[in-house]
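Report on the following structure.
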Amino acid sequence: MGKYKIVVIGQLNKDLMNQLEQKCEIKVWSSPQKIPRDTLLSWLSDAEGFISRGDVVVNGELLSKAPKLRVIAQASVGYDNVDIDACMSRSIPFGNTPEVLNEATADLIYGLLISSARRIHEGFEYVKDGKWESPFNIPMGVDLYEKTLGIIGMGNIGRRVAVRAQASGMNILYHNRKESVANNELNCKYETFENVLKQSDFIIVLVPLSNQTKKLFKKTEFEIMKQTAYFINASRGAVVDTNALYQALVNKEIAYAALDVTDPEPIQSDHPILKLNNILITPHIGSATTETRYKMGQLTVENLLAGLESKKMPSCVNKTVYN
Ligand SMILES: NC(=O)C1=CN([C@@H]2O[C@H](COP(=O)(O)OP(=O)(O)OC[C@H]3O[C@@H](n4cnc5c(N)ncnc54)[C@H](O)[C@@H]3O)[C@@H](O)[C@H]2O)C=CC1
Ligand SMILES: O=C(O)C(=O)CO
């Protein structure tokens with residue numbers, strides 16, 4: 001039997017590529033730059049499998065140019081770049097990589113929270129700039145102990161953040177579309193969206209980007225928050241209205257923001273928000289550890305090969321495709 005024709009966007013470890021090469025003939029785009037749409041569509045014209053990436057829009061137009069495509073996999077948990085209905089209409093399973101990145105992403109988010117609250121990154125700049133003149137002339141932070149953390153979108157990653165916050169002595173509120181027994185058993189209290197915003201000292205956003213969550217955080221939401229609130233977004237940049245966040249930080253409607261994701265992404269290096277001294281931004285590195293990225297790549301390869309061999313994927317978003 002011949003090899004499966006596949007297209008791979010992104011970099012996979014050498015041994016995972018070797019695994020694919022055993023069974024597949026591969027066209028690979030490993031540049032961090034976005035693949036030109038024309039190139040992608042021409043590569044997909046005879047492909048059976050596709051490893052996509054978050055910067056590729058997978059929609060009906062793309063699928064119409066890929067008549068032989070039978071499976072799509074992506075090394076991420078978020079899949080807001082993918083039109084799942086369009087995949088369903090062609091009975092194409094789409095695989096993502098939940099769970100394997102929970103701990104790494106929760107660590108990064110908790111790192112953002114601690115670094116903001118305790119001014120760790122600012123402290124280092126201070127030392128480098130020669131401003132450390134006395135033990136009294138230093139950036140002051142705030143305690144986490146006995147403070148309230150509100151998690152909006154309390155799923156796999158949110159629960160792992162909650163465990164870390166509880167170890168710091170924080171009280172946890174959460175909001176999801178509905179209350180969950182598993183979250184309540186973790187000693188996290190369900191509240192309305194508005195009450196979480198009103199009552200929390202720290203707010204972490206972990207909802208997937210969807211039509212319901214696009215610009216969920218606008219002017220009104222920042223106005224509801226405490227003036228001392230720390231706002232942390234590690235989900236997707238478009239869940240937040242960047243301009244409204246900028247204004248809230250400038251006008252001191254909230255105290256601080258820490259973002260691992262931005263809108264646009266990447267954010268331009270001359271964006272005014274980067275000039276503020278009450279913000280910390282990292283370049284979408286939630287899952288970016290060697291071990292976790294390997295596990296994500298492994299699950300992606302397993303998903304793709306399962307699809308090509310007409311088996312059930314270990315992690316399929318549109319499971320009803322198998323009904
Ligand atoms: N910064 C980074 O590197 C990473 C970012 N992410 C982002 O984090 C998101 C969450 O990941 P997981 O925790 O694994 O997903 P998950 O699906 O386990 O959790 C998401 C939670 O959000 C809730 N939710 C969905 N829509 C909502 C709405 N309209 N209002 C309130 N709650 C809502 C769901 O009920 C669920 O509990 C991903 O979709 C992705 O966008 C994920 C991994 C790494
Ligand atoms: O998995 C995701 O959704 C990410 O954002 C990066 O790991």
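Chain lettering (A, B, ...) mirrors the order of the structure tokens, residue numbering begins at 1 for each chain separately, and ligand numbering begins at 1 in order of display.
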task: From the DSSP assignment of the backbone, select every residue of stretch 19-161 of chain A that is strand (DSSP E or B), and format the answer as JSON, numbers by chain.
output: {"A": [24, 25, 26, 27, 28, 29, 49, 50, 51, 52, 58, 71, 72, 73, 74, 82, 94, 95, 148, 149, 150, 151, 152]}
- request: Residues within 8 Å of ligand 2 should be enumerated using only C-alpha atoms and all ligand atoms and returned as an NGL selection string.
  value: :A and (54 or 75-79 or 97-98 or 101 or 105 or 234-236 or 284-288 or 293)
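Shortest atom-to-atom contact with A:Ile203 among A:Val82, A:Ile72, A:Leu113, A:Val163: A:Leu113, counting only C-alpha atoms.
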Report as a tab-separated table the residues of stretch 64-183 of chain A within 9 Å of stretch 214-233 of chain A, each with its shortest atom pair and distance in Å (one decimal), using only C-alpha atoms, ordered by chain and increasing residue number.
residue	atom	partner	partner_atom	distance
A:Ile109	CA	A:Ile232	CA	7.8
A:Leu112	CA	A:Ile232	CA	7.6
A:Leu113	CA	A:Ile232	CA	7.2
A:Ser116	CA	A:Tyr230	CA	8.0
A:Ala117	CA	A:Tyr230	CA	7.9
Hey, what's within 10 Å of A:Asn243 if we count only C-alpha atoms and toss same-chain stuff fewer than 5 positions away? As a compact mmCIF listing (two decimals) with N, CA and C atoms, in the first residue's frame, please?
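What ended up in out-v5.txt:
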# COMPACT_ATOMS: atom_id res chain seq x y z
N LYS A 218 -15.35 43.92 28.13
CA LYS A 218 -15.40 45.24 27.50
C LYS A 218 -15.38 46.29 28.62
N LYS A 219 -15.68 47.53 28.22
CA LYS A 219 -15.67 48.65 29.18
C LYS A 219 -16.48 48.31 30.45
N ALA A 248 -9.02 51.00 30.80
CA ALA A 248 -9.23 50.65 32.22
C ALA A 248 -7.91 50.73 32.99
N LEU A 249 -6.81 50.37 32.33
CA LEU A 249 -5.49 50.43 33.00
C LEU A 249 -5.01 51.87 33.13
N ASP A 263 -4.84 40.59 21.46
CA ASP A 263 -5.58 40.83 20.22
C ASP A 263 -5.19 42.21 19.72
N PRO A 272 0.50 51.07 22.39
CA PRO A 272 0.55 51.91 23.60
C PRO A 272 0.40 51.12 24.90
N ILE A 273 -0.27 49.98 24.85
CA ILE A 273 -0.46 49.21 26.09
C ILE A 273 0.88 48.77 26.68
query: What does the distance from atom CA of A:Ser168 to atom CA of A:Ile114 come to in Å, to one decimal?
result: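 Atom-to-atom, atom CA of A:Ser168 to atom CA of A:Ile114, that is 10.1 Å.
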field: Atom pair atom CA of A:Pro208 / atom CA of A:Glu103: separation (Å)
entry: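 Between atom CA of A:Pro208 and atom CA of A:Glu103 the gap works out to 17.5 Å.
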field: Among the residues A:Gln19, A:Ile157, A:Lys275, A:Ala104, the one that comes closest to A:Met296 [using only C-alpha atoms]
entry: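 That would be A:Ala104, the residue with the smallest distance to A:Met296.
For A:Leu173, the non-local neighbours within 7 Å, defined as residues at least 2 positions apart in the same chain or in other chains and counting only C-alpha atoms, are Leu149, Gly150, Ile151, Asn171, Cys188, Lys189, Tyr190, Glu191 and Val196 of chain A.
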Preceding selection exported with C-alpha atoms as a PDB file, in the first residue's frame:
ATOM      1  CA  LEU A 149      -9.479  34.537  42.972  1.00  0.00           C
ATOM      2  CA  GLY A 150     -12.251  34.436  40.357  1.00  0.00           C
ATOM      3  CA  ILE A 151     -11.912  31.986  37.486  1.00  0.00           C
ATOM      4  CA  ASN A 171     -10.542  31.682  48.249  1.00  0.00           C
ATOM      5  CA  CYS A 188     -14.579  26.494  44.623  1.00  0.00           C
ATOM      6  CA  LYS A 189     -17.808  28.475  44.853  1.00  0.00           C
ATOM      7  CA  TYR A 190     -20.052  29.031  41.829  1.00  0.00           C
ATOM      8  CA  GLU A 191     -21.169  32.625  41.275  1.00  0.00           C
ATOM      9  CA  VAL A 196     -17.223  36.986  40.236  1.00  0.00           C
TER      10      VAL A 196
END
field: Using only C-alpha atoms: which of A:Val321, A:Val127, A:Ala73, A:Val100 has the shortest distance to A:Asn156
entry: A:Val100
task: Would you kindly return, as a PyMOL selection string, each protein, DNA or RNA residue with an atom no farther than 7 Å from any atom of stretch 30-42 of chain A, considering only C-alpha atoms and excluding same-chain residues fewer than 5 positions away?
output: chain A and resi 9-11+55+62+65
What would the file look like if the residues just selected were written as a PDB file, in the first residue's frame with N, CA and C atoms?
ATOM      1  N   ILE A   9       1.703  21.676   9.248  1.00  0.00           N
ATOM      2  CA  ILE A   9       2.096  23.065   9.525  1.00  0.00           C
ATOM      3  C   ILE A   9       2.662  23.090  10.939  1.00  0.00           C
ATOM      4  N   GLY A  10       3.891  23.556  11.067  1.00  0.00           N
ATOM      5  CA  GLY A  10       4.506  23.644  12.389  1.00  0.00           C
ATOM      6  C   GLY A  10       5.635  22.645  12.537  1.00  0.00           C
ATOM      7  N   GLN A  11       6.294  22.753  13.711  1.00  0.00           N
ATOM      8  CA  GLN A  11       7.457  21.891  13.947  1.00  0.00           C
ATOM      9  C   GLN A  11       7.107  20.764  14.907  1.00  0.00           C
ATOM     10  N   ASP A  55      -2.780  29.509  13.547  1.00  0.00           N
ATOM     11  CA  ASP A  55      -2.837  30.685  12.661  1.00  0.00           C
ATOM     12  C   ASP A  55      -3.414  30.352  11.287  1.00  0.00           C
ATOM     13  N   LEU A  62     -11.455  26.235   2.627  1.00  0.00           N
ATOM     14  CA  LEU A  62     -10.267  25.361   2.651  1.00  0.00           C
ATOM     15  C   LEU A  62     -10.669  23.910   2.342  1.00  0.00           C
ATOM     16  N   LYS A  65     -11.258  22.990  -1.225  1.00  0.00           N
ATOM     17  CA  LYS A  65     -10.051  22.844  -2.057  1.00  0.00           C
ATOM     18  C   LYS A  65      -9.268  21.584  -1.679  1.00  0.00           C
TER      19      LYS A  65
END
query: Between A:Ser91, A:Gln22, A:Asn176, A:Thr290, which is the closest to ligand 1 once you count only C-alpha atoms and all ligand atoms?
result: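 Of the candidates, the smallest distance to ligand 1 is held by A:Asn176.
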Which residues are close to A:Glu122, i.e. within 10 Å by only C-alpha atoms, leaving aside same-chain residues fewer than 4 positions away? Reply as a short mmCIF file (atom, residue, chain, number, x, y, z; two decimals) with C-alpha atoms, in the first residue's frame.
data_model
loop_
_atom_site.label_atom_id
_atom_site.label_comp_id
_atom_site.auth_asym_id
_atom_site.auth_seq_id
_atom_site.Cartn_x
_atom_site.Cartn_y
_atom_site.Cartn_z
CA SER A 115 4.84 37.90 39.16
CA SER A 116 2.21 40.65 38.89
CA ARG A 118 4.74 40.56 43.81
CA TYR A 126 14.72 47.88 39.02
CA VAL A 127 17.90 46.05 39.98
CA LYS A 128 19.23 46.20 36.40
CA ILE A 138 11.53 48.95 46.23
CA PRO A 139 8.41 48.00 44.19
CA MET A 140 5.66 46.96 46.64
CA ASN A 277 3.64 50.23 33.99
CA ASN A 278 0.68 48.17 35.22
CA LEU A 280 2.81 42.20 32.04
#
task: To one decimal in Å, tell me the separation between atom CA of A:Ser269 and atom CA of A:Gly237.
output: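 Taking atom CA of A:Ser269 as the start and atom CA of A:Gly237 as the end point, the length is 15.7 Å.
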